[in-house]
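**Student:** Before anything else, here's the structure in question.
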Amino acid sequence: MTMQRDIKRSLASLIVLLAFASGLRAQDKEKVTVVDDEECGCELVFVDGIQTIERDGHFGFKREDGTVFVEPTYKYVGQFKNGFCVVYGDDMKCGIINRAGREVVPSKYDEATLPSEGMMRVREGSLWGFYDTTGHEVIKPQYRTVSDFCEGLAVVNDDSDSLKVLYGFIDRENRHVIPARFEYAWTFSEGYAVVKNYDRFGMIDRSGKEVIPCKYIGMLGMTDGRCFAFDAETELAAMFDKGMKQLTPFKYNEITYYSEGFFIARIGGHYTFLDRKGRERYGLYEELSGFMDGYSMVKRGGKYGIINRKGKTVLPIEYDNSGWRSMEYIYSENLAMVEKDGKYGFANKRGEIVIPIVYESAQHCTEGLIPVQKGGLWGFIDKEGNEVSPFVYSMASYFTWGRAEVVFNNVTYKINSQGECVKNCQSYPKEFVFNFKR
């Protein structure tokens with residue numbers, strides 16, 4: 001059914017947004033620096049002061065002062081996040097190390113996940129359990145399904161022999177604080193969790209009480225004190241507050257995600273913003289992006305522009321924005337990519353074109369540099385529109401952590417922000433350095 005597909009897309013979009021926002025917050029806490037050599041062929045950046053090293057096909061880690069604190073003994077390694085990293089042995093069993101190099105989860109599990117609220121999930125065969133971040137196995141593998149801990153509780157299913165699989169919630173001491181009596185359950189958010197019974201969705205509080213009965217065909221969990229339920233008869237959604245008061249009629253076909261105080265709601269074939277009071281804001285559009293740093297990409301009459309959080313149009317709705325990137329032409333380093341009649345340029349936050357619309361293609365501005373295409377080849381310009389590199393590449397990426405990838409003569413190289421090659425450099429022309437005019 002179309003409605004069921006919409007619900008799945010809505011749930012997936014919200015989950016992805018929340019995960020993405022959480023990831024950004026975590027990354028913001030990490031110290032990222034860049035060094036000048038890349039002898040091992042691994043990624044060049046130090047994340048939180050730690051870099052991957054490689055020897056004889058095995059990986060370890062060193063610190064910024066060059067101290068190797070994990071010898072290259074692992075077959076594969078992840079990247080450190082918030083002080084922990086997943087590692088794999090030659091037998092492809094995995095564990096987790098901390099930033100001191102100690103295995104807080106031994107490398108004997110089929111799957112392991114980074115901490116959530118100080119607890120790490122591990123899978124041995126088909127059963128899941130938990131370690132804490134000090135390295136203690138606090139819940140031995142015994143559940144067929146577990147979620148991360150959220151607000152002190154995790155969803156589990158241990159009724160594997162039953163014809164009807166049921167889900168409940170445990171605390172960190174493995175106490176079943178909400179018995180397994182639901183067909184499915186999602187993790188807690190803001191004191192409430194979405195549950196499913198008899199193929200219908202509702203919501204419970206931390207005591208397990210149904211605060212919204214399981215009578216809806218879909219539900220979006222609590223986000224900033226608001227949730228949405230899809231009516232079984234009309235297949236349309238309404239907004240509820242944290243007191244379970246209904247704030248809007250059942251009229252929305254889809255709720256995509258939430259950002260900076262606004263949900264995006266679909267009504268038929270058009271989209272609008274919903275504020276936390278359930279009020280529709282700024283009219284109807286053919287497409288909307290979520291707000292990012294106070295700005296949203298919008299589409300109306302087949303053309304694209306940008307509005308701010310007050311609904312004011314800051315970039316006229318007159319640009320083409322063709323292709324799969326159409327909703328991504330949002331501000332990056334105060335410049336928005338614009339497209340008109342197959343050509344690309346950049347506008348500022350006053351809607352003024354500050355880099356002429358003359359390029360055949362372009363990517364976002366990052367770290368003060370912009371990859372653009374001219375005459376069928378790619379090069380780089382700065383934020384003032386000065387061409388700082390030769391146009392010689394068949395492909396060029398935007399810069400991340402001081403590095404970009406370029407393709408020349410069918411070979412992929414990694415360069416720094418001066419245009420100097422730092423990876424796979426044997427045949428890279430040394431004259432391709434950047435010529436900054438500022």
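Note on naming: chains are A, B, ... as they come in the structure tokens, residues start from 1 per chain, ligands start from 1 in the order shown.
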Could you name the residues that touch range 405-419 of chain A at 8 Å or less, counting only C-alpha atoms, but leaving out those on the same chain fewer than 2 positions away, as a list of chain:residue names?

**Tutor:**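 Final neighbour list, sorted by chain and number: A:Ser389, A:Val392, A:Tyr393, A:Ser394, A:Met395, A:Ala396, A:Ser397, A:Tyr398, A:Phe399, A:Gly402, A:Arg403, A:Cys421, A:Val422, A:Lys423, A:Asn424, A:Cys425, A:Tyr428, A:Phe432, A:Val433, A:Phe434.
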
**Student:** Would you mind listing what lies within 8 Å of Ile307 in chain A as a list in words, with only C-alpha atoms counted and same-chain residues fewer than 6 positions away left out?

**Tutor:** Tyr295, Ser296, Met297, Val298, Thr313, Val314 and Leu315 of chain A

**Student:** To one decimal place in Å, what is the distance between CA of Phe61 in chain A and CA of Thr73 in chain A?

**Tutor:**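 Answer for the CA of Phe61 in chain A to CA of Thr73 in chain A separation: 10.0 Å.
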
**Student:** Among range 300-384 of chain A, which residues does DSSP mark as strand (DSSP E or B) when it is run on the backbone? Keep the chain and numbering as in the structure and answer as JSON, numbers by chain.

**Tutor:** {"A": [300, 303, 304, 305, 306, 307, 308, 313, 314, 315, 316, 317, 318, 319, 332, 335, 336, 337, 338, 339, 340, 343, 344, 345, 346, 347, 353, 354, 355, 356, 357, 358, 359, 361, 362, 366, 369, 370, 371, 372, 373, 374, 377, 378, 379, 380, 381, 382]}

**Student:** Selected residues, N, CA and C atoms, written as a short mmCIF file (atom, residue, chain, number, x, y, z; two decimals), in the first residue's frame, please.

**Tutor:**
data_model
loop_
_atom_site.label_atom_id
_atom_site.label_comp_id
_atom_site.auth_asym_id
_atom_site.auth_seq_id
_atom_site.Cartn_x
_atom_site.Cartn_y
_atom_site.Cartn_z
N ARG A 300 9.44 25.58 -6.39
CA ARG A 300 8.09 26.02 -6.73
C ARG A 300 8.06 26.38 -8.22
N LYS A 303 11.18 25.56 -10.35
CA LYS A 303 12.43 26.27 -10.12
C LYS A 303 12.79 26.23 -8.64
N TYR A 304 14.08 26.50 -8.35
CA TYR A 304 14.61 26.37 -7.00
C TYR A 304 15.12 27.70 -6.47
N GLY A 305 15.03 27.85 -5.16
CA GLY A 305 15.58 29.00 -4.46
C GLY A 305 15.80 28.65 -3.01
N ILE A 306 16.10 29.66 -2.19
CA ILE A 306 16.39 29.43 -0.78
C ILE A 306 15.59 30.42 0.06
N ILE A 307 14.99 29.91 1.15
CA ILE A 307 14.32 30.78 2.13
C ILE A 307 15.03 30.65 3.47
N ASN A 308 14.82 31.65 4.34
CA ASN A 308 15.38 31.56 5.69
C ASN A 308 14.31 31.10 6.67
N THR A 313 12.43 34.90 1.21
CA THR A 313 13.21 34.37 0.10
C THR A 313 14.54 35.12 0.03
N VAL A 314 15.63 34.41 0.24
CA VAL A 314 16.96 35.05 0.19
C VAL A 314 17.68 34.75 -1.11
N LEU A 315 17.29 33.68 -1.78
CA LEU A 315 17.78 33.40 -3.13
C LEU A 315 16.56 33.20 -4.01
N PRO A 316 16.37 34.04 -5.04
CA PRO A 316 15.15 33.97 -5.86
C PRO A 316 14.88 32.55 -6.36
N ILE A 317 13.59 32.21 -6.41
CA ILE A 317 13.19 30.87 -6.86
C ILE A 317 13.15 30.90 -8.39
N GLU A 318 14.34 30.80 -8.99
CA GLU A 318 14.46 30.93 -10.44
C GLU A 318 15.55 30.05 -11.04
N TYR A 319 16.12 29.15 -10.22
CA TYR A 319 17.26 28.37 -10.70
C TYR A 319 16.85 26.93 -11.02
N SER A 332 27.14 26.64 1.75
CA SER A 332 28.32 26.03 2.35
C SER A 332 29.40 27.09 2.35
N LEU A 335 28.30 30.34 0.67
CA LEU A 335 28.07 30.36 -0.77
C LEU A 335 27.11 29.24 -1.14
N ALA A 336 26.12 29.56 -1.98
CA ALA A 336 25.18 28.58 -2.49
C ALA A 336 25.45 28.36 -3.97
N MET A 337 25.57 27.10 -4.36
CA MET A 337 25.74 26.78 -5.77
C MET A 337 24.42 27.02 -6.49
N VAL A 338 24.46 27.65 -7.65
CA VAL A 338 23.26 27.91 -8.45
C VAL A 338 23.49 27.38 -9.86
N GLU A 339 22.41 27.00 -10.51
CA GLU A 339 22.47 26.48 -11.87
C GLU A 339 21.39 27.13 -12.72
N LYS A 340 21.78 27.58 -13.88
CA LYS A 340 20.83 28.16 -14.82
C LYS A 340 21.29 27.85 -16.24
N LYS A 343 24.58 25.96 -16.75
CA LYS A 343 25.82 26.54 -16.26
C LYS A 343 25.71 26.77 -14.75
N TYR A 344 26.89 26.83 -14.09
CA TYR A 344 26.94 26.89 -12.63
C TYR A 344 27.73 28.10 -12.15
N GLY A 345 27.28 28.64 -11.02
CA GLY A 345 27.97 29.71 -10.34
C GLY A 345 27.61 29.68 -8.87
N PHE A 346 27.86 30.79 -8.15
CA PHE A 346 27.62 30.81 -6.72
C PHE A 346 27.04 32.15 -6.29
N ALA A 347 26.12 32.09 -5.32
CA ALA A 347 25.46 33.28 -4.78
C ALA A 347 25.77 33.40 -3.30
N ILE A 353 24.81 37.11 -7.12
CA ILE A 353 25.74 36.21 -7.80
C ILE A 353 27.14 36.77 -7.64
N VAL A 354 27.99 36.06 -6.89
CA VAL A 354 29.34 36.55 -6.61
C VAL A 354 30.40 35.78 -7.40
N ILE A 355 30.03 34.61 -7.90
CA ILE A 355 30.89 33.87 -8.84
C ILE A 355 30.04 33.61 -10.06
N PRO A 356 30.42 34.12 -11.23
CA PRO A 356 29.56 34.09 -12.42
C PRO A 356 29.09 32.69 -12.79
N ILE A 357 27.90 32.62 -13.36
CA ILE A 357 27.31 31.34 -13.78
C ILE A 357 27.88 30.98 -15.15
N VAL A 358 29.09 30.46 -15.14
CA VAL A 358 29.80 30.18 -16.39
C VAL A 358 30.39 28.77 -16.44
N TYR A 359 30.36 28.04 -15.35
CA TYR A 359 31.03 26.75 -15.30
C TYR A 359 30.10 25.62 -15.72
N SER A 361 30.08 22.52 -14.59
CA SER A 361 29.64 21.79 -13.41
C SER A 361 30.41 22.34 -12.22
N ALA A 362 30.00 21.97 -11.02
CA ALA A 362 30.66 22.48 -9.82
C ALA A 362 30.27 21.62 -8.63
N THR A 366 34.21 24.12 0.13
CA THR A 366 34.68 23.61 1.42
C THR A 366 36.12 24.04 1.62
N LEU A 369 37.83 26.40 -0.93
CA LEU A 369 38.10 26.02 -2.31
C LEU A 369 36.89 25.36 -2.93
N ILE A 370 36.74 25.53 -4.26
CA ILE A 370 35.57 25.01 -4.97
C ILE A 370 36.03 24.28 -6.22
N PRO A 371 35.67 23.00 -6.39
CA PRO A 371 35.94 22.31 -7.64
C PRO A 371 34.93 22.75 -8.71
N VAL A 372 35.40 23.16 -9.88
CA VAL A 372 34.53 23.57 -10.98
C VAL A 372 35.05 22.98 -12.28
N GLN A 373 34.16 22.87 -13.27
CA GLN A 373 34.51 22.29 -14.55
C GLN A 373 34.42 23.35 -15.65
N LYS A 374 35.45 23.38 -16.50
CA LYS A 374 35.50 24.32 -17.61
C LYS A 374 36.20 23.65 -18.78
N LEU A 377 37.12 19.93 -18.39
CA LEU A 377 38.08 19.52 -17.37
C LEU A 377 37.83 20.28 -16.07
N TRP A 378 38.33 19.69 -14.97
CA TRP A 378 38.10 20.25 -13.65
C TRP A 378 39.34 20.95 -13.11
N GLY A 379 39.08 22.00 -12.32
CA GLY A 379 40.11 22.69 -11.57
C GLY A 379 39.49 23.26 -10.32
N PHE A 380 40.19 24.17 -9.65
CA PHE A 380 39.70 24.74 -8.40
C PHE A 380 39.72 26.26 -8.46
N ILE A 381 38.70 26.87 -7.86
CA ILE A 381 38.65 28.31 -7.66
C ILE A 381 38.55 28.59 -6.17
N ASP A 382 38.89 29.84 -5.78
CA ASP A 382 38.70 30.21 -4.38
C ASP A 382 37.34 30.88 -4.21
#

**Student:** I'd like the neighbourhood of Thr234 in chain A as a PyMOL selection string, where a residue qualifies if any of its atoms comes within 12 Å (using only C-alpha atoms), though same-chain residues fewer than 6 positions away should be ignored.

**Tutor:** chain A and resi 3+216-218+249-253
